[in-house]
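Asker: This is the content of run-v3.cif (mmCIF, C-alpha atoms):
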```
data_model
#
loop_
_atom_site.label_atom_id
_atom_site.label_comp_id
_atom_site.auth_asym_id
_atom_site.auth_seq_id
_atom_site.Cartn_x
_atom_site.Cartn_y
_atom_site.Cartn_z
CA MET A 24 85.25 98.81 284.78
CA VAL A 25 82.62 101.48 285.14
CA GLU A 26 79.36 100.54 286.74
CA SER A 27 76.47 102.33 288.32
CA ALA A 28 76.52 103.34 291.96
CA ALA A 29 73.41 101.25 292.61
CA SER A 30 75.15 98.17 291.19
CA THR A 31 78.15 98.76 293.43
CA GLN A 32 75.98 98.93 296.53
CA LEU A 33 73.89 95.96 295.52
CA ARG A 34 76.97 93.87 294.95
CA ARG A 35 78.36 94.77 298.35
CA GLY A 36 75.11 93.70 299.92
CA VAL A 37 74.91 90.30 298.30
CA VAL A 38 78.47 88.97 298.38
CA GLY A 39 78.06 87.72 301.96
CA PRO A 40 74.94 85.66 301.17
CA CYS A 41 76.63 84.41 297.98
CA ILE A 42 79.51 83.08 300.07
CA LEU A 43 77.00 81.35 302.33
CA ALA A 44 75.39 79.85 299.23
CA LEU A 45 78.72 78.48 298.00
CA LEU A 46 79.49 76.99 301.38
CA SER A 47 76.08 75.32 301.52
CA THR A 48 77.39 72.70 299.09
CA GLY A 49 80.56 72.01 301.07
CA PRO A 50 83.59 73.53 302.79
CA ARG A 51 85.93 75.69 300.75
CA PHE A 52 89.17 77.60 301.30
CA GLY A 53 89.55 81.31 300.54
CA LEU A 54 91.10 81.11 297.09
CA GLN A 55 88.48 78.58 296.06
CA ILE A 56 85.68 80.89 297.17
CA VAL A 57 87.23 83.80 295.30
CA ARG A 58 87.58 81.76 292.11
CA GLU A 59 84.03 80.48 292.23
CA LEU A 60 82.64 83.97 292.84
CA ASN A 61 84.71 85.19 289.91
CA ASP A 62 83.40 82.40 287.71
CA VAL A 63 79.86 83.56 288.40
CA GLY A 64 81.01 87.02 287.39
CA GLN A 65 80.56 90.63 288.48
CA LEU A 66 80.40 89.84 292.18
CA LEU A 67 83.77 91.12 293.38
CA THR A 68 85.49 94.43 292.73
CA SER A 69 88.63 93.28 294.49
CA GLN A 70 89.22 89.66 295.37
CA GLY A 71 91.02 90.46 298.60
CA THR A 72 87.96 92.09 300.13
CA VAL A 73 86.49 88.59 300.54
CA TYR A 74 88.75 87.99 303.52
CA PRO A 75 87.45 90.74 305.82
CA LEU A 76 83.99 89.55 304.89
CA LEU A 77 84.76 85.91 305.74
CA SER A 78 86.07 87.09 309.07
CA ARG A 79 82.81 88.89 309.77
CA LEU A 80 80.69 85.94 308.68
CA GLN A 81 82.64 83.88 311.15
CA GLU A 82 82.11 86.41 313.93
CA ALA A 83 78.40 86.39 313.18
CA GLY A 84 78.40 82.62 313.65
CA GLN A 85 77.35 81.98 310.06
CA VAL A 86 80.54 80.17 309.08
CA SER A 87 83.21 78.26 310.96
CA SER A 88 86.75 77.53 309.87
CA HIS A 89 89.53 75.06 310.43
CA TRP A 90 93.02 74.57 309.06
CA GLU A 91 93.88 71.53 307.00
CA VAL A 92 97.51 70.54 306.67
CA SER A 93 98.71 67.85 304.33
CA ASP A 94 102.08 66.73 303.04
CA THR A 95 101.22 67.58 299.47
CA GLU A 96 99.32 70.85 299.71
CA ARG A 97 99.88 74.16 301.42
CA PRO A 98 98.07 74.57 304.74
CA ARG A 99 94.64 75.97 304.01
CA ARG A 100 91.89 77.43 306.13
CA TYR A 101 88.60 75.83 305.15
CA TYR A 102 85.30 77.58 305.79
CA SER A 103 82.06 75.71 306.46
CA LEU A 104 78.47 76.83 306.80
CA THR A 105 77.04 76.62 310.31
CA ASP A 106 73.43 75.95 311.23
CA VAL A 107 72.99 79.69 311.81
CA GLY A 108 74.43 80.42 308.38
CA ARG A 109 72.18 77.84 306.75
CA ARG A 110 69.10 79.35 308.37
CA ASP A 111 70.12 82.88 307.37
CA LEU A 112 70.81 81.74 303.84
CA GLU A 113 67.30 80.35 303.56
CA LEU A 114 65.85 83.63 304.78
CA PHE A 115 67.94 85.53 302.28
CA ARG A 116 66.90 83.18 299.49
CA GLU A 117 63.25 83.96 300.17
CA ASP A 118 63.91 87.71 300.47
CA TRP A 119 65.87 87.71 297.25
CA ARG A 120 63.20 85.81 295.37
CA GLN A 121 60.59 88.37 296.35
CA PHE A 122 62.88 91.35 295.88
CA SER A 123 64.27 90.37 292.51
CA GLY A 124 60.78 89.42 291.33
CA SER A 125 59.41 92.81 292.32
CA VAL A 126 62.24 94.75 290.71
CA GLY A 127 62.07 92.61 287.58
CA THR A 128 58.35 93.14 287.27
CA LEU A 129 58.74 96.88 287.67
CA LEU A 130 61.56 97.14 285.15
CA GLN A 131 59.61 95.15 282.59
CA THR A 132 56.90 97.79 282.63
CA ILE A 133 59.38 100.51 281.67
CA PRO A 134 60.76 100.57 278.12
CA SER A 135 64.54 100.68 278.11
CA SER A 136 66.32 103.46 276.22
CA SER A 137 67.71 100.91 273.75
CA SER A 138 64.27 99.60 272.87
CA GLU A 139 63.00 103.16 272.55
CA SER A 140 65.73 104.02 270.08
CA GLU A 141 65.00 100.83 268.12
CA GLN A 142 61.39 101.87 267.79
CA SER A 143 62.12 105.41 266.67
CA MET B 81 106.65 85.72 307.04
CA THR B 82 108.81 85.81 303.96
CA THR B 83 109.91 82.45 302.70
CA ALA B 84 112.46 81.47 300.11
CA ALA B 85 109.68 79.90 298.05
CA GLU B 86 107.77 83.13 297.62
CA HIS B 87 107.41 85.34 294.59
CA PRO B 88 109.01 88.78 295.15
CA SER B 89 105.69 90.43 294.32
CA VAL B 90 104.04 88.54 297.16
CA THR B 91 106.78 89.62 299.54
CA ALA B 92 106.40 93.23 298.43
CA TYR B 93 102.61 93.07 298.76
CA LEU B 94 102.77 91.68 302.28
CA ARG B 95 105.25 94.37 303.25
CA GLU B 96 102.85 96.98 301.92
CA PHE B 97 100.00 95.35 303.82
CA ASP B 98 102.01 95.50 307.04
CA ALA B 99 102.54 99.21 306.51
CA ALA B 100 98.88 99.87 305.72
CA SER B 101 97.29 97.77 308.44
CA GLY B 102 98.54 99.61 311.51
CA SER B 103 95.03 100.79 312.32
CA LEU B 104 93.78 97.22 312.82
CA THR B 105 94.00 95.30 316.06
CA ALA B 106 96.88 92.84 316.23
CA THR B 107 94.53 89.86 316.16
CA ARG B 108 92.61 91.14 313.16
CA ARG B 109 95.79 92.10 311.34
CA GLU B 110 97.43 88.73 311.89
CA GLY B 111 94.35 86.80 310.81
CA LEU B 112 93.94 88.86 307.68
CA ARG B 113 97.61 88.70 306.80
CA GLU B 114 97.63 84.96 307.18
CA GLU B 115 94.75 84.59 304.74
CA ILE B 116 96.18 87.08 302.27
CA ALA B 117 99.58 85.41 302.34
CA SER B 118 98.03 81.99 301.84
CA HIS B 119 95.94 83.24 298.90
CA LEU B 120 98.77 85.07 297.15
CA ARG B 121 101.37 82.34 297.66
CA GLU B 122 99.05 79.85 296.06
CA ALA B 123 97.84 82.15 293.28
CA ILE B 124 101.36 83.38 292.49
CA PRO B 125 103.83 80.48 292.56
CA PRO B 126 107.50 81.50 292.78
CA THR B 127 107.94 80.58 289.12
CA SER B 128 105.24 83.00 287.92
CA SER B 129 106.20 85.67 285.45
CA GLN B 130 106.17 89.25 286.66
CA ALA B 131 103.29 90.01 284.31
CA ASP B 132 101.19 87.17 285.74
CA ALA B 133 102.01 88.23 289.30
CA THR B 134 101.05 91.82 288.55
CA ALA B 135 97.74 90.71 287.05
CA VAL B 136 96.88 88.58 290.09
CA ILE B 137 97.71 91.40 292.48
CA ALA B 138 95.71 93.90 290.47
CA ALA B 139 92.67 91.64 290.69
CA PHE B 140 93.28 91.04 294.38
CA GLY B 141 93.17 94.73 295.25
CA SER B 142 95.52 96.98 297.17
CA PRO B 143 96.24 96.58 300.90
CA ALA B 144 94.51 99.92 301.41
CA GLU B 145 91.34 98.58 299.81
CA ILE B 146 91.34 95.51 302.02
CA VAL B 147 92.09 97.46 305.17
CA GLY B 148 89.41 99.90 304.09
CA GLN B 149 86.89 97.09 303.72
CA GLU B 150 87.87 95.85 307.16
CA GLY B 151 87.26 99.26 308.68
CA ALA B 152 83.97 99.73 306.85
CA LEU B 153 82.72 96.40 308.13
CA ASP B 154 83.71 97.43 311.64
CA GLN B 155 81.28 100.32 311.35
CA SER B 156 78.42 98.28 309.99
CA ALA B 157 76.32 95.43 311.24
CA SER B 158 77.25 91.83 310.53
CA PRO B 159 77.34 91.03 306.79
CA VAL B 160 74.17 88.99 306.93
CA ALA B 161 72.21 89.69 310.06
CA PRO B 162 71.10 86.80 312.24
CA ALA B 163 67.72 85.26 311.69
CA ASP B 164 65.99 87.26 314.41
CA GLU B 165 66.69 90.25 312.25
CA SER B 166 65.09 88.54 309.32
CA ARG B 167 64.66 89.95 305.86
CA SER B 168 68.18 91.32 306.11
CA GLY B 169 69.05 90.76 302.47
CA LEU B 170 66.08 92.74 301.32
CA ARG B 171 66.95 95.55 303.71
CA ILE B 172 70.52 95.62 302.52
CA ALA B 173 69.54 95.77 298.89
CA LEU B 174 66.80 98.35 299.31
CA GLY B 175 68.91 100.41 301.70
CA ALA B 176 71.76 100.37 299.25
CA ILE B 177 69.65 101.88 296.51
CA VAL B 178 68.29 104.58 298.78
CA ILE B 179 71.79 105.42 300.05
CA ALA B 180 73.16 105.49 296.53
CA ALA B 181 70.50 107.92 295.37
CA ALA B 182 70.91 110.14 298.43
CA ALA B 183 74.67 110.30 298.18
CA ILE B 184 74.66 111.06 294.46
CA SER B 185 72.20 113.87 295.13
CA ALA B 186 74.39 115.17 297.94
CA VAL B 187 77.46 115.22 295.74
CA PHE B 188 75.55 117.11 293.08
CA PHE B 189 74.10 119.71 295.38
CA LEU B 190 77.18 120.26 297.52
CA TRP B 191 79.75 120.43 294.76
CA PRO B 192 81.13 123.95 294.38
CA GLY B 193 80.07 125.53 291.17
CA ASN B 194 76.63 124.06 291.43
CA PRO B 195 74.16 126.92 291.60
CA ALA B 196 72.44 125.13 294.47
CA ASN B 197 75.56 125.34 296.58
CA THR B 198 76.10 128.66 298.25
CA GLY B 199 79.34 127.57 299.87
CA ALA B 200 77.83 127.88 303.31
CA GLY B 201 77.45 124.14 303.80
CA SER B 202 79.36 122.47 306.56
CA GLY B 203 81.60 120.67 304.11
CA THR B 204 82.77 123.82 302.40
CA ALA B 205 83.32 125.99 305.42
CA GLN B 206 86.78 127.27 306.16
CA SER B 207 87.93 127.59 309.73
CA ASP B 208 88.05 131.08 311.18
CA ALA B 209 91.78 131.02 311.60
CA ALA B 210 93.54 131.16 308.27
CA PRO B 211 95.19 127.78 307.71
CA SER B 212 98.89 127.79 307.01
CA SER B 213 98.48 125.35 304.14
CA VAL B 214 95.83 124.76 301.51
CA VAL B 215 95.88 121.23 302.91
CA ASN B 216 94.24 121.42 306.30
CA GLU B 217 91.56 119.72 308.32
CA VAL B 218 88.75 121.56 306.60
CA PRO B 219 89.89 122.45 303.08
CA GLU B 220 87.76 124.09 300.46
CA GLY B 221 85.85 121.47 298.52
CA PRO B 222 82.97 119.04 298.67
CA ALA B 223 81.47 117.80 301.92
CA ARG B 224 83.50 115.07 303.59
CA VAL B 225 82.42 111.93 305.37
CA VAL B 226 84.12 109.84 308.04
CA GLU B 227 82.56 106.49 307.26
CA GLY B 228 82.56 103.89 304.53
CA THR B 229 85.18 101.89 302.72
CA ALA B 230 86.81 104.88 301.04
CA TYR B 231 87.31 106.60 304.39
CA PHE B 232 89.11 103.61 305.83
CA GLU B 233 91.18 103.26 302.69
CA TYR B 234 92.10 106.89 303.19
CA LEU B 235 93.17 106.31 306.80
CA ALA B 236 95.19 103.23 305.86
CA ALA B 237 96.89 105.07 303.00
CA ILE B 238 97.79 107.98 305.28
CA GLU B 239 99.29 105.58 307.76
CA ALA B 240 101.33 103.97 305.01
CA MET B 241 102.64 107.21 303.52
CA PRO B 242 106.43 107.08 303.65
CA GLU B 243 106.80 110.78 304.44
CA PRO B 244 104.71 113.23 306.47
CA LEU B 245 103.02 116.40 305.27
CA PRO B 246 104.90 119.69 305.49
CA SER B 247 104.79 121.65 308.70
CA GLY B 248 101.47 123.46 309.06
CA ALA B 249 99.56 121.05 306.83
CA ALA B 250 97.11 118.41 308.01
CA TYR B 251 95.19 115.68 306.26
CA PRO B 252 91.58 116.79 305.89
CA THR B 253 89.08 115.12 308.15
CA GLY B 254 87.19 112.61 306.05
CA VAL B 255 86.97 111.93 302.35
CA PRO B 256 84.80 113.69 299.77
CA GLU B 257 81.29 112.34 299.96
CA GLY B 258 80.26 109.84 297.32
CA LEU B 259 83.55 108.00 296.82
CA ASP B 260 82.06 104.71 297.96
CA LEU B 261 79.43 105.03 295.29
CA GLY B 262 81.89 105.76 292.54
CA ALA B 263 80.11 109.06 292.11
CA THR B 264 82.88 111.19 290.75
CA ASP B 265 82.04 114.20 288.65
CA ASP B 266 82.41 112.17 285.48
CA GLY B 267 80.27 109.37 286.83
CA ALA B 268 83.06 106.83 287.01
CA LEU B 269 83.82 104.38 289.78
CA GLU B 270 86.04 102.71 291.52
CA SER B 271 87.54 101.13 294.60
CA GLY B 272 90.85 102.51 295.80
CA ALA B 273 89.46 106.03 295.65
CA GLY B 274 90.14 106.67 299.33
CA ALA B 275 93.81 105.85 298.93
CA THR B 276 94.01 108.08 295.87
CA VAL B 277 92.66 111.00 297.89
CA ALA B 278 95.36 110.47 300.51
CA HIS B 279 98.14 110.23 297.92
CA PHE B 280 97.11 113.38 296.08
CA THR B 281 96.58 115.22 299.36
CA TRP B 282 100.23 114.56 300.15
CA LEU B 283 101.35 115.73 296.71
CA CYS B 284 99.09 118.78 296.84
CA ALA B 285 100.57 119.76 300.22
CA TRP B 286 104.17 119.46 299.03
CA GLU B 287 103.57 121.21 295.72
CA ALA B 288 101.95 124.08 297.61
CA GLU B 289 104.77 124.05 300.14
CA TYR B 290 107.35 124.37 297.37
CA LEU B 291 105.62 127.33 295.80
CA THR B 292 105.11 129.03 299.16
CA ALA B 293 108.78 128.56 300.01
CA ALA B 294 109.73 129.98 296.62
CA ASP B 295 107.45 132.93 297.22
CA TYR B 296 109.11 133.64 300.58
CA GLU B 297 112.55 132.86 299.13
CA ASP B 298 113.04 130.41 301.97
CA ALA B 299 115.88 128.24 300.71
CA GLU B 300 115.69 125.69 303.50
CA ARG B 301 112.00 124.97 302.98
CA LEU B 302 112.55 124.96 299.23
CA VAL B 303 115.18 122.25 299.43
CA ALA B 304 113.05 120.18 301.79
CA ALA B 305 110.01 120.45 299.52
CA GLU B 306 111.97 119.58 296.41
CA ALA B 307 113.38 116.52 298.17
CA MET B 308 109.86 115.37 298.92
CA LEU B 309 108.58 116.02 295.41
CA THR B 310 111.53 114.10 294.01
CA GLN B 311 110.32 111.04 295.89
CA TRP B 312 106.79 111.12 294.48
CA PRO B 313 107.46 109.14 291.24
CA SER B 314 109.19 106.38 293.20
CA TYR B 315 106.05 105.74 295.25
CA GLY B 316 104.33 104.39 292.16
CA PHE B 317 100.90 105.61 293.23
CA VAL B 318 100.14 106.91 289.76
CA SER B 319 100.84 105.28 286.45
CA ASP B 320 102.90 107.77 284.49
CA PRO B 321 104.70 105.69 281.85
CA ASP B 322 105.65 108.74 279.80
CA GLY B 323 107.10 110.50 282.83
CA GLY B 324 105.00 113.58 282.09
CA TRP B 325 104.94 114.84 285.66
CA VAL B 326 108.70 114.44 286.03
CA ALA B 327 109.44 116.15 282.72
CA ASN B 328 106.95 118.99 283.03
CA VAL B 329 106.79 119.62 286.77
CA LEU B 330 109.76 118.19 288.63
CA GLN B 331 112.74 118.61 286.31
CA PRO B 332 112.09 122.29 285.53
CA LEU B 333 112.37 123.02 289.27
CA SER B 334 116.08 122.27 288.99
CA PHE B 335 116.33 125.36 286.80
CA GLY B 336 114.09 127.46 289.02
CA ASP B 337 111.21 127.12 286.57
CA THR B 338 107.98 126.75 288.51
CA ALA B 339 105.56 127.24 285.60
CA GLY B 340 104.79 123.54 285.31
CA LEU B 341 104.31 123.20 289.05
CA ARG B 342 101.99 126.20 289.15
CA GLN B 343 99.90 124.67 286.41
CA ASP B 344 99.86 121.25 288.05
CA LEU B 345 98.98 122.37 291.59
CA PRO B 346 95.23 123.02 291.13
CA GLN B 347 94.80 119.74 289.26
CA THR B 348 96.70 117.75 291.87
CA CYS B 349 94.71 119.29 294.70
CA ALA B 350 91.43 118.73 292.88
CA LEU B 351 92.24 115.01 292.73
CA ALA B 352 92.44 115.17 296.52
CA GLY B 353 89.06 116.91 296.68
CA ILE B 354 90.69 120.25 297.53
CA LEU B 355 89.31 122.90 295.23
CA ASN B 356 90.00 126.46 294.19
CA VAL B 357 93.69 126.20 294.96
CA THR B 358 95.86 128.79 293.29
CA ALA B 359 99.62 129.01 293.30
CA PRO B 360 100.99 131.68 295.68
#
```
Just give me the structure as structure tokens.
Answerer:
Amino acid sequence: MVESAASTQLRRGVVGPCILALLSTGPRFGLQIVRELNDVGQLLTSQGTVYPLLSRLQEAGQVSSHWEVSDTERPRRYYSLTDVGRRDLELFREDWRQFSGSVGTLLQTIPSSSSESEQS
Amino acid sequence: MTTAAEHPSVTAYLREFDAASGSLTATRREGLREEIASHLREAIPPTSSQADATAVIAAFGSPAEIVGQEGALDQSASPVAPADESRSGLRIALGAIVIAAAAISAVFFLWPGNPANTGAGSGTAQSDAAPSSVVNEVPEGPARVVEGTAYFEYLAAIEAMPEPLPSGAAYPTGVPEGLDLGATDDGALESGAGATVAHFTWLCAWEAEYLTAADYEDAERLVAAEAMLTQWPSYGFVSDPDGGWVANVLQPLSFGDTAGLRQDLPQTCALAGILNVTAP
């Protein structure tokens, strides 16, 4: 897939908060997180890069993890949102609302090349 | 750990990860490997077809990409800064756009052939002493950087290379600027670019070594270089279903025909960000 450099950088910046957002509704294991991010679409270039990121979120105190072992399933490491992660997620949510609103407003004032060609 | 109930592709992937992750601390490597193994074993059951396994692994990304991401995160702040560094998301997003624009501009202005580039930039300088190989610490080409995901992919891929460079050659310090932004000269992306640079650096070095040995009529070096080049297709770094490189470059060497190799050398080196290479 070819995408713009700005999109690549933006995506890298927001995957961490998106993981926090997923975990805000309940604990998940790695594969589950990857699948849900994929379902949203366009958030991951490579699924495996989620794991270094989860490790860093844990080091930053934003998520915690524990292993669950059952007789029927494979052992899985579940990640949960911590109080620090929940607070940071709320801050990000507010930042994102303002940021995306500003960018959206700006872009709406500029005619896109496709609409220009439709008019001509 | 390899288990009986594991798809061979998972086993092979984990082996490749072990080879590529030598630059990580033991704790980090073990933690990451555990997660990767758990993910792949669940996503690729032992009964999966080879095609399904290949598709899952392609979407998962190469070990070099993951190790590269690990290294890039080591260099940066935490993924989402703590609350006392509030407004982190906004900073990340805005910073990303600024960095993207700056790096694309840098690639444009520093790329040889651009009228704005006089060749005197730090990234294009040659060392005073003539290097013994076109592949050296400061090769001719675009400016290089020693940070970012692509750089750590590059380091991991070098570590995982099955064979060393020829005597007198050295992996360049850093990767061409802009790889993390997907800013290649044709505007295309993508991740894995750092590993690609390492792979083609190796091939560039051995192709050049072969031609130099031929030029000096040094039979011993010639045999050694040909042995290395013969291994290249088996590494599987490049998809070459038609076997074009083998047919046009490698096989003719058996008959002393270096025309294909001479033609291929500048292209191979360019893929490693090493420019203006001519066959000896």
Asker: Evaluated on this file, the PyMOL selection byres ((chain A) within 6 of (chain B)) picks out some residues - which ones are they, written as a list of chain:residue names?
Answerer: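 For this structure, the PyMOL selection byres ((chain A) within 6 of (chain B)) resolves to A:Val25, A:Ala28, A:Ala29, A:Gln32, A:Leu33, A:Gly36, A:Gly39, A:Leu54, A:Ser69, A:Gln70, A:Gly71, A:Thr72, A:Pro75, A:Asp111, A:Phe115, A:Asp118.
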Asker: CA of Glu287 (chain B) to CA of Leu345 (chain B): how many Å, to one decimal?
Answerer: 6.3 Å
Asker: For a test of reading the model, state the distance in Å between CA of Glu289 (chain B) and CA of Ala305 (chain B), rounded to one decimal.
Answerer: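 Here the two named atoms are 6.4 Å from each other.
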Asker: Which neighbours of region 92-106 of chain A fall inside 10 Å, counting only C-alpha atoms, when residues of the same chain fewer than 6 positions from it are skipped, and could you give them as a list in words?
Answerer: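 Answer for this query is Ile42, Leu43, Ala44, Leu45, Leu46, Ser47, Thr48, Gly49, Pro50, Arg51, Phe52, Gly53, Leu54, Gln55, Ile56, Leu77, Leu80, Gln81, Gly84, Gln85, Val86 and Leu112 of chain A; Glu114, Glu115, Ser118, His119, Arg121 and Glu122 of chain B.
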Asker: Write the residues of the selection above to a file with C-alpha atoms, as a compact mmCIF listing (two decimals), keeping the file's coordinate frame.
Answerer:
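Generated file (part_29.txt):
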```txt
# COMPACT_ATOMS: atom_id res chain seq x y z
CA ILE A 42 79.51 83.08 300.07
CA LEU A 43 77.00 81.35 302.33
CA ALA A 44 75.39 79.85 299.23
CA LEU A 45 78.72 78.48 298.00
CA LEU A 46 79.49 76.99 301.38
CA SER A 47 76.08 75.32 301.52
CA THR A 48 77.39 72.70 299.09
CA GLY A 49 80.56 72.01 301.07
CA PRO A 50 83.59 73.53 302.79
CA ARG A 51 85.93 75.69 300.75
CA PHE A 52 89.17 77.60 301.30
CA GLY A 53 89.55 81.31 300.54
CA LEU A 54 91.10 81.11 297.09
CA GLN A 55 88.48 78.58 296.06
CA ILE A 56 85.68 80.89 297.17
CA LEU A 77 84.76 85.91 305.74
CA LEU A 80 80.69 85.94 308.68
CA GLN A 81 82.64 83.88 311.15
CA GLY A 84 78.40 82.62 313.65
CA GLN A 85 77.35 81.98 310.06
CA VAL A 86 80.54 80.17 309.08
CA LEU A 112 70.81 81.74 303.84
CA GLU B 114 97.63 84.96 307.18
CA GLU B 115 94.75 84.59 304.74
CA SER B 118 98.03 81.99 301.84
CA HIS B 119 95.94 83.24 298.90
CA ARG B 121 101.37 82.34 297.66
CA GLU B 122 99.05 79.85 296.06
```
Asker: From (109.3, 96.1, 304.6), in the file's coordinates, out to 12 Å: which residues are reached, counting all atoms listed in the file? Answer as a ChimeraX atom specification.
Answerer: /B:81-82,88,90-100,240,242
Asker: Of the residues B:Ile124, B:Leu235, B:Ala285, B:Ala85, which is the one nearest to Leu104 (chain B), using only C-alpha atoms?
Answerer: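 Using only C-alpha atoms, the shortest distance to Leu104 (chain B) belongs to B:Leu235.
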Asker: Run through the PyMOL selection byres ((chain B and resi 324-337) around 12) on the given coordinates and return the selected residues as a compact mmCIF listing (two decimals) with C-alpha atoms, keeping the file's coordinate frame.
Answerer:
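Wrote it out as expr38.txt, contents follow:
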```
# COMPACT_ATOMS: atom_id res chain seq x y z
CA LEU B 283 101.35 115.73 296.71
CA TRP B 286 104.17 119.46 299.03
CA GLU B 287 103.57 121.21 295.72
CA TYR B 290 107.35 124.37 297.37
CA LEU B 291 105.62 127.33 295.80
CA ALA B 294 109.73 129.98 296.62
CA ASP B 295 107.45 132.93 297.22
CA GLU B 297 112.55 132.86 299.13
CA ALA B 299 115.88 128.24 300.71
CA LEU B 302 112.55 124.96 299.23
CA VAL B 303 115.18 122.25 299.43
CA ALA B 305 110.01 120.45 299.52
CA GLU B 306 111.97 119.58 296.41
CA ALA B 307 113.38 116.52 298.17
CA MET B 308 109.86 115.37 298.92
CA LEU B 309 108.58 116.02 295.41
CA THR B 310 111.53 114.10 294.01
CA GLN B 311 110.32 111.04 295.89
CA TRP B 312 106.79 111.12 294.48
CA PRO B 313 107.46 109.14 291.24
CA SER B 314 109.19 106.38 293.20
CA VAL B 318 100.14 106.91 289.76
CA SER B 319 100.84 105.28 286.45
CA ASP B 320 102.90 107.77 284.49
CA PRO B 321 104.70 105.69 281.85
CA ASP B 322 105.65 108.74 279.80
CA GLY B 323 107.10 110.50 282.83
CA THR B 338 107.98 126.75 288.51
CA ALA B 339 105.56 127.24 285.60
CA GLY B 340 104.79 123.54 285.31
CA LEU B 341 104.31 123.20 289.05
CA ARG B 342 101.99 126.20 289.15
CA GLN B 343 99.90 124.67 286.41
CA ASP B 344 99.86 121.25 288.05
CA LEU B 345 98.98 122.37 291.59
CA GLN B 347 94.80 119.74 289.26
CA THR B 348 96.70 117.75 291.87
```
